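Before any comments, here is the structure.
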Amino acid sequence: MPLMQERPIEHGTTSPSFTGLLNVLDELHVPDGFSAEIIKGSIVVSPWSKPYYLDVMDSICDQLRDHLPEGHRISQAPALYTFPGIERAYGPDIHAAHRNVRRSTSRHLDGEGLSFVAGLTSPATRENDRGDKVEQYGKAGVPVYLLLDMQEGLATVHSSPTDRGYAVTVTAAFGEKVPVPGPFDCELDTSGFDAPDEGEAA
């Protein structure tokens, strides 16, 4: 059965509680190749990224691993982090948190334990990645949100979270280095983040 690239699941005229949405999400059968999040009171089903995104994510994890705070781990494995205070549940492309956050049998991980998240945009997710998530990750206190606009070829580091979002934003074109502030205090080299040409892909 074909699916739209991004599909909010409707819940009638009344807004379900965040807990209710989580329960629905737990029971939802998400087809292979898709992921599901809770954004703005809806469950949103989106397709996974293009294959070359995996190489970009590997590069980010490799570069940041030696700069992680003590006891923290970084991964691109699928995971759902919940933020009850802002009624969101996000599945970031890359996420770093203290290992104790992951030592859980729950399908819902504590978003307050995150030290870093990264999102790689697609046409289906770009609006939420650049809008809702920038604001809400900041409000939730996530120290660093790296947004890779794969359509524009730009890397943006959001940091210094506040109750209205992020106070500091630094952007660089793919191929340049962009600073990643505390708790990492390093530079991220974005060389090779552009889409491969057809000859390279072949």
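Every chain in the structure tokens has a letter given in the order shown (A, B, ...), and although residue numbers restart at 1 in each chain, ligands are simply numbered from 1 in the order shown.
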Exercise. Tell me, as JSON, numbers by chain, which residues lie within 12 Å of Gly131 of chain A, counting only C-alpha atoms; anything in the same chain fewer than 6 positions away does not count.
Key: {"A": [39, 40, 119, 121, 125, 137, 138, 147, 165, 166]}
Practice problem: Quick one: everything within 9 Å of segment 84-87 of chain A, counting only C-alpha atoms, minus sequence neighbours fewer than 4 positions away in the same chain. Send it as a PyMOL selection string. | Solution: chain A and resi 17-19+38-41+111+136+139-140
Practice problem: Can you check which residues of segment 2-142 of chain A DSSP gives as strand (DSSP E or B) on the backbone and send them as a VMD selection string? | Solution: chain A and resid 7 to 9 34 to 39 42 to 47 72 to 75 80 to 83 88 to 90 94 to 98 108 to 110 114 to 120
Practice problem: For Glu37 of chain A, work out the shell of residues within 10 Å, counting only C-alpha atoms and skipping chain neighbours fewer than 6 positions away, then give it as a PyMOL selection string. | Solution: chain A and resi 8+21-22+25+43-46+80-82+88-92
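Compared by their closest atoms to Gly182 of chain A, and using only C-alpha atoms, the residues A:Leu64, A:Ala79, A:Leu154, A:Ala36 rank with A:Leu64 nearest.
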Self-check item: Within 7 Å of Arg99 of chain A using only C-alpha atoms, minus same-chain residues under 6 positions, as a list in words
Solution: Gly71, His72 and Arg73 of chain A
Exercise. For Val101 of chain A, list every protein, DNA or RNA residue within 9 Å, evaluated using only C-alpha atoms, and leave out those in the same chain fewer than 2 positions away; present the list as a PyMOL selection string.
Key: chain A and resi 97-99+103-104+109-111+113-114
Exercise. With a distance cut-off of 10 Å and only C-alpha atoms, select the neighbouring residues of Asp93 of chain A, excluding the residue or stretch itself and same-chain residues fewer than 3 positions from it, and output the selection as a PyMOL selection string.
Key: chain A and resi 48-49+53-54+57+75-79+90+117-121
Keeping N, CA and C atoms, export the residues of the selection given above as a PDB file, in the first residue's frame.
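What ended up in selection.pdb:
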```pdb
ATOM      1  N   TRP A  48      12.514   6.909   5.640  1.00  0.00           N
ATOM      2  CA  TRP A  48      13.909   7.002   6.033  1.00  0.00           C
ATOM      3  C   TRP A  48      14.692   7.786   5.001  1.00  0.00           C
ATOM      4  N   SER A  49      15.913   8.125   5.353  1.00  0.00           N
ATOM      5  CA  SER A  49      16.750   8.964   4.506  1.00  0.00           C
ATOM      6  C   SER A  49      17.329   8.184   3.335  1.00  0.00           C
ATOM      7  N   TYR A  53      23.034   9.277   3.102  1.00  0.00           N
ATOM      8  CA  TYR A  53      22.948   9.914   4.417  1.00  0.00           C
ATOM      9  C   TYR A  53      23.682   9.075   5.469  1.00  0.00           C
ATOM     10  N   LEU A  54      23.691   7.762   5.283  1.00  0.00           N
ATOM     11  CA  LEU A  54      24.345   6.876   6.252  1.00  0.00           C
ATOM     12  C   LEU A  54      25.829   7.196   6.374  1.00  0.00           C
ATOM     13  N   MET A  57      26.178  10.331   8.410  1.00  0.00           N
ATOM     14  CA  MET A  57      25.958  10.063   9.833  1.00  0.00           C
ATOM     15  C   MET A  57      27.142   9.334  10.452  1.00  0.00           C
ATOM     16  N   SER A  75      25.052   7.553  18.783  1.00  0.00           N
ATOM     17  CA  SER A  75      24.529   6.477  17.942  1.00  0.00           C
ATOM     18  C   SER A  75      23.628   7.045  16.860  1.00  0.00           C
ATOM     19  N   GLN A  76      23.476   6.280  15.784  1.00  0.00           N
ATOM     20  CA  GLN A  76      22.484   6.585  14.762  1.00  0.00           C
ATOM     21  C   GLN A  76      21.425   5.490  14.706  1.00  0.00           C
ATOM     22  N   ALA A  77      21.403   4.634  15.713  1.00  0.00           N
ATOM     23  CA  ALA A  77      20.385   3.591  15.782  1.00  0.00           C
ATOM     24  C   ALA A  77      19.021   4.217  16.062  1.00  0.00           C
ATOM     25  N   PRO A  78      17.946   3.658  15.511  1.00  0.00           N
ATOM     26  CA  PRO A  78      16.609   4.216  15.770  1.00  0.00           C
ATOM     27  C   PRO A  78      16.286   4.233  17.264  1.00  0.00           C
ATOM     28  N   ALA A  79      15.791   5.361  17.744  1.00  0.00           N
ATOM     29  CA  ALA A  79      15.400   5.506  19.143  1.00  0.00           C
ATOM     30  C   ALA A  79      14.386   6.631  19.242  1.00  0.00           C
ATOM     31  N   TYR A  90      10.555  12.576  19.612  1.00  0.00           N
ATOM     32  CA  TYR A  90      11.366  12.681  18.409  1.00  0.00           C
ATOM     33  C   TYR A  90      12.290  11.476  18.278  1.00  0.00           C
ATOM     34  N   VAL A 117      21.847  16.182  19.492  1.00  0.00           N
ATOM     35  CA  VAL A 117      21.020  15.536  18.464  1.00  0.00           C
ATOM     36  C   VAL A 117      21.400  16.123  17.119  1.00  0.00           C
ATOM     37  N   ALA A 118      21.209  15.337  16.078  1.00  0.00           N
ATOM     38  CA  ALA A 118      21.421  15.823  14.720  1.00  0.00           C
ATOM     39  C   ALA A 118      20.279  15.336  13.847  1.00  0.00           C
ATOM     40  N   GLY A 119      19.867  16.200  12.947  1.00  0.00           N
ATOM     41  CA  GLY A 119      18.836  15.856  11.983  1.00  0.00           C
ATOM     42  C   GLY A 119      19.313  16.162  10.580  1.00  0.00           C
ATOM     43  N   LEU A 120      19.063  15.232   9.657  1.00  0.00           N
ATOM     44  CA  LEU A 120      19.386  15.412   8.249  1.00  0.00           C
ATOM     45  C   LEU A 120      18.069  15.558   7.503  1.00  0.00           C
ATOM     46  N   THR A 121      17.872  16.688   6.869  1.00  0.00           N
ATOM     47  CA  THR A 121      16.575  16.962   6.274  1.00  0.00           C
ATOM     48  C   THR A 121      16.334  16.124   5.018  1.00  0.00           C
TER      49      THR A 121
END
```
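The shortest atom-to-atom distance to Asn128 of chain A, with only C-alpha atoms taken into account, belongs to A:Asp149 out of A:Thr190, A:Asp149, A:Glu112, A:Leu68.
If you measure from each of A:Thr156, A:Ser122, A:Ser106, A:Ser59 to Ile94 of chain A using only C-alpha atoms, the closest one turns out to be A:Ser59.
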Run DSSP on the backbone and give me the residues of segment 16-116 of chain A it puts in helix (DSSP H, G or I), as a short mmCIF file (atom, residue, chain, number, x, y, z; two decimals) with N, CA and C atoms, in the first residue's frame.
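part.cif, written as the output of this step:
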```cif
data_model
loop_
_atom_site.label_atom_id
_atom_site.label_comp_id
_atom_site.auth_asym_id
_atom_site.auth_seq_id
_atom_site.Cartn_x
_atom_site.Cartn_y
_atom_site.Cartn_z
N PHE A 18 -0.88 13.56 25.44
CA PHE A 18 0.43 13.11 24.98
C PHE A 18 0.62 11.63 25.32
N THR A 19 0.20 11.24 26.51
CA THR A 19 0.30 9.82 26.90
C THR A 19 -0.53 8.95 25.98
N GLY A 20 -1.71 9.44 25.61
CA GLY A 20 -2.55 8.70 24.69
C GLY A 20 -1.89 8.52 23.33
N LEU A 21 -1.23 9.58 22.84
CA LEU A 21 -0.53 9.48 21.58
C LEU A 21 0.62 8.48 21.65
N LEU A 22 1.33 8.47 22.78
CA LEU A 22 2.41 7.50 22.94
C LEU A 22 1.86 6.08 22.90
N ASN A 23 0.70 5.87 23.52
CA ASN A 23 0.09 4.54 23.50
C ASN A 23 -0.29 4.14 22.07
N VAL A 24 -0.83 5.09 21.33
CA VAL A 24 -1.17 4.81 19.93
C VAL A 24 0.09 4.50 19.13
N LEU A 25 1.14 5.27 19.38
CA LEU A 25 2.39 5.05 18.67
C LEU A 25 2.96 3.68 18.96
N ASP A 26 2.83 3.23 20.20
CA ASP A 26 3.33 1.90 20.58
C ASP A 26 2.61 0.80 19.81
N GLU A 27 1.34 1.01 19.50
CA GLU A 27 0.55 -0.01 18.82
C GLU A 27 0.60 0.11 17.30
N TYR A 52 23.01 7.58 0.97
CA TYR A 52 24.27 8.28 1.24
C TYR A 52 24.24 9.05 2.55
N TYR A 53 23.03 9.28 3.10
CA TYR A 53 22.95 9.91 4.42
C TYR A 53 23.68 9.08 5.47
N LEU A 54 23.69 7.76 5.28
CA LEU A 54 24.34 6.88 6.25
C LEU A 54 25.83 7.20 6.37
N ASP A 55 26.47 7.48 5.23
CA ASP A 55 27.89 7.83 5.26
C ASP A 55 28.12 9.13 6.01
N VAL A 56 27.21 10.10 5.80
CA VAL A 56 27.30 11.37 6.51
C VAL A 56 27.15 11.15 8.02
N MET A 57 26.18 10.33 8.41
CA MET A 57 25.96 10.06 9.83
C MET A 57 27.14 9.33 10.45
N ASP A 58 27.73 8.40 9.71
CA ASP A 58 28.93 7.73 10.20
C ASP A 58 30.04 8.73 10.47
N SER A 59 30.23 9.67 9.53
CA SER A 59 31.28 10.66 9.68
C SER A 59 31.06 11.51 10.93
N ILE A 60 29.83 11.92 11.17
CA ILE A 60 29.54 12.74 12.36
C ILE A 60 29.85 11.97 13.63
N CYS A 61 29.37 10.74 13.70
CA CYS A 61 29.62 9.92 14.90
C CYS A 61 31.12 9.71 15.10
N ASP A 62 31.84 9.42 14.03
CA ASP A 62 33.29 9.19 14.14
C ASP A 62 34.01 10.43 14.66
N GLN A 63 33.60 11.60 14.16
CA GLN A 63 34.28 12.84 14.55
C GLN A 63 33.97 13.26 15.99
N LEU A 64 32.76 13.00 16.44
CA LEU A 64 32.36 13.47 17.77
C LEU A 64 32.67 12.48 18.89
N ARG A 65 32.91 11.24 18.54
CA ARG A 65 33.04 10.21 19.57
C ARG A 65 34.13 10.52 20.59
N ASP A 66 35.26 11.04 20.13
CA ASP A 66 36.36 11.34 21.07
C ASP A 66 36.12 12.60 21.90
N HIS A 67 35.03 13.31 21.63
CA HIS A 67 34.74 14.56 22.34
C HIS A 67 33.50 14.46 23.22
N ARG A 99 25.00 6.90 28.97
CA ARG A 99 24.63 5.50 28.75
C ARG A 99 23.50 5.05 29.67
N ASN A 100 23.36 5.67 30.85
CA ASN A 100 22.29 5.27 31.77
C ASN A 100 20.91 5.55 31.19
N VAL A 101 20.81 6.57 30.30
CA VAL A 101 19.53 6.88 29.66
C VAL A 101 19.06 5.69 28.84
N ARG A 102 20.00 4.97 28.25
CA ARG A 102 19.66 3.86 27.35
C ARG A 102 19.51 2.53 28.06
N GLY A 111 14.22 12.31 26.99
CA GLY A 111 14.84 13.35 26.18
C GLY A 111 15.71 14.31 26.97
N GLU A 112 15.44 14.43 28.28
CA GLU A 112 16.24 15.35 29.10
C GLU A 112 17.67 14.86 29.28
N GLY A 113 17.92 13.60 28.95
CA GLY A 113 19.27 13.06 29.08
C GLY A 113 20.14 13.28 27.85
#
```
Quiz prompt | Shell of 6 Å around Ser115 of chain A, only C-alpha atoms, local chain residues under 5 positions omitted, as a ChimeraX atom specification | solution = /A:96-97,142-143
Take the residues just selected and output them with N, CA and C atoms as a tab-separated table (two decimals), in the first residue's frame.
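Contents of again.tsv, freshly written:
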```
chain	number	residue	atom	x	y	z
A	96	ALA	N	23.15	11.63	21.13
A	96	ALA	CA	24.14	11.34	22.17
A	96	ALA	C	23.51	11.58	23.53
A	97	ALA	N	23.76	10.66	24.44
A	97	ALA	CA	23.20	10.74	25.79
A	97	ALA	C	24.06	9.89	26.71
A	142	VAL	N	18.14	20.63	25.26
A	142	VAL	CA	19.17	19.84	24.59
A	142	VAL	C	20.33	20.77	24.24
A	143	PRO	N	21.56	20.50	24.72
A	143	PRO	CA	22.65	21.46	24.57
A	143	PRO	C	23.00	21.82	23.13
```
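For the residues A:Phe83, A:Ile74, A:Thr169, A:Met150, ranking by smallest atom-to-atom distance to Ala124 of chain A using only C-alpha atoms places A:Met150 first.
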Exercise. May I ask for the distance between atom CA of Glu152 of chain A and atom CA of Pro183 of chain A, given in Å to one decimal place?
Key: 27.4 Å
